[in-house]
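Each remark here refers to the structure printed beneath this line.
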Amino acid sequence: MYVCLNCKEWFTRKEAKKKYPRKGTGFLDPVLICPACGSDKYEWHG
């Protein structure tokens, strides 16, 4: 589960919207977007 640092909403990877990083950055993992408030600031809690 992920917790949004902005609105404190909990969400799963499946629920999150995904924003893919720009090409050329070397990172292939999408950035997750909080489905409640649209923030990309979150922490993962196993």
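Each chain in the structure tokens gets a letter, A, B, ..., in the order shown, and its residues are numbered from 1; ligands are numbered from 1 in order too.
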
Selection: 10 Å around Tyr20 (chain A), only C-alpha atoms, excl. self and same-chain fewer than 4 positions, as a PyMOL selection string
chain A and resi 27-32

Just how far from CA of Ser39 (chain A) is CA of Lys18 (chain A), in Å to one decimal?
11.1 Å

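Across the structure, CA of Gly46 (chain A) and CA of Arg22 (chain A) are spaced 27.2 Å apart.
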
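By only C-alpha atoms, and with residues fewer than 2 positions from region 10-16 of chain A along its chain excluded, the set lying at most 6 Å from it is Met1, Tyr2, Val3, Leu32, Ile33, Cys34 and Pro35 of chain A.
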
For C-alpha atoms, I'd like the residues from the last selection saved as a CSV table (one decimal), in the first residue's frame.
chain,number,residue,atom,x,y,z
A,1,MET,CA,0.0,0.0,0.0
A,2,TYR,CA,1.0,3.6,-0.6
A,3,VAL,CA,0.1,6.6,1.5
A,32,LEU,CA,2.3,6.8,-9.3
A,33,ILE,CA,-0.4,9.5,-8.9
A,34,CYS,CA,-2.7,9.6,-5.9
A,35,PRO,CA,-6.2,8.8,-7.2

If you measure from CA of Trp44 (chain A) to CA of Gly26 (chain A), what distance in Å do you get, rounded to one decimal?
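Result for CA of Trp44 (chain A) versus CA of Gly26 (chain A): 21.2 Å, one decimal.
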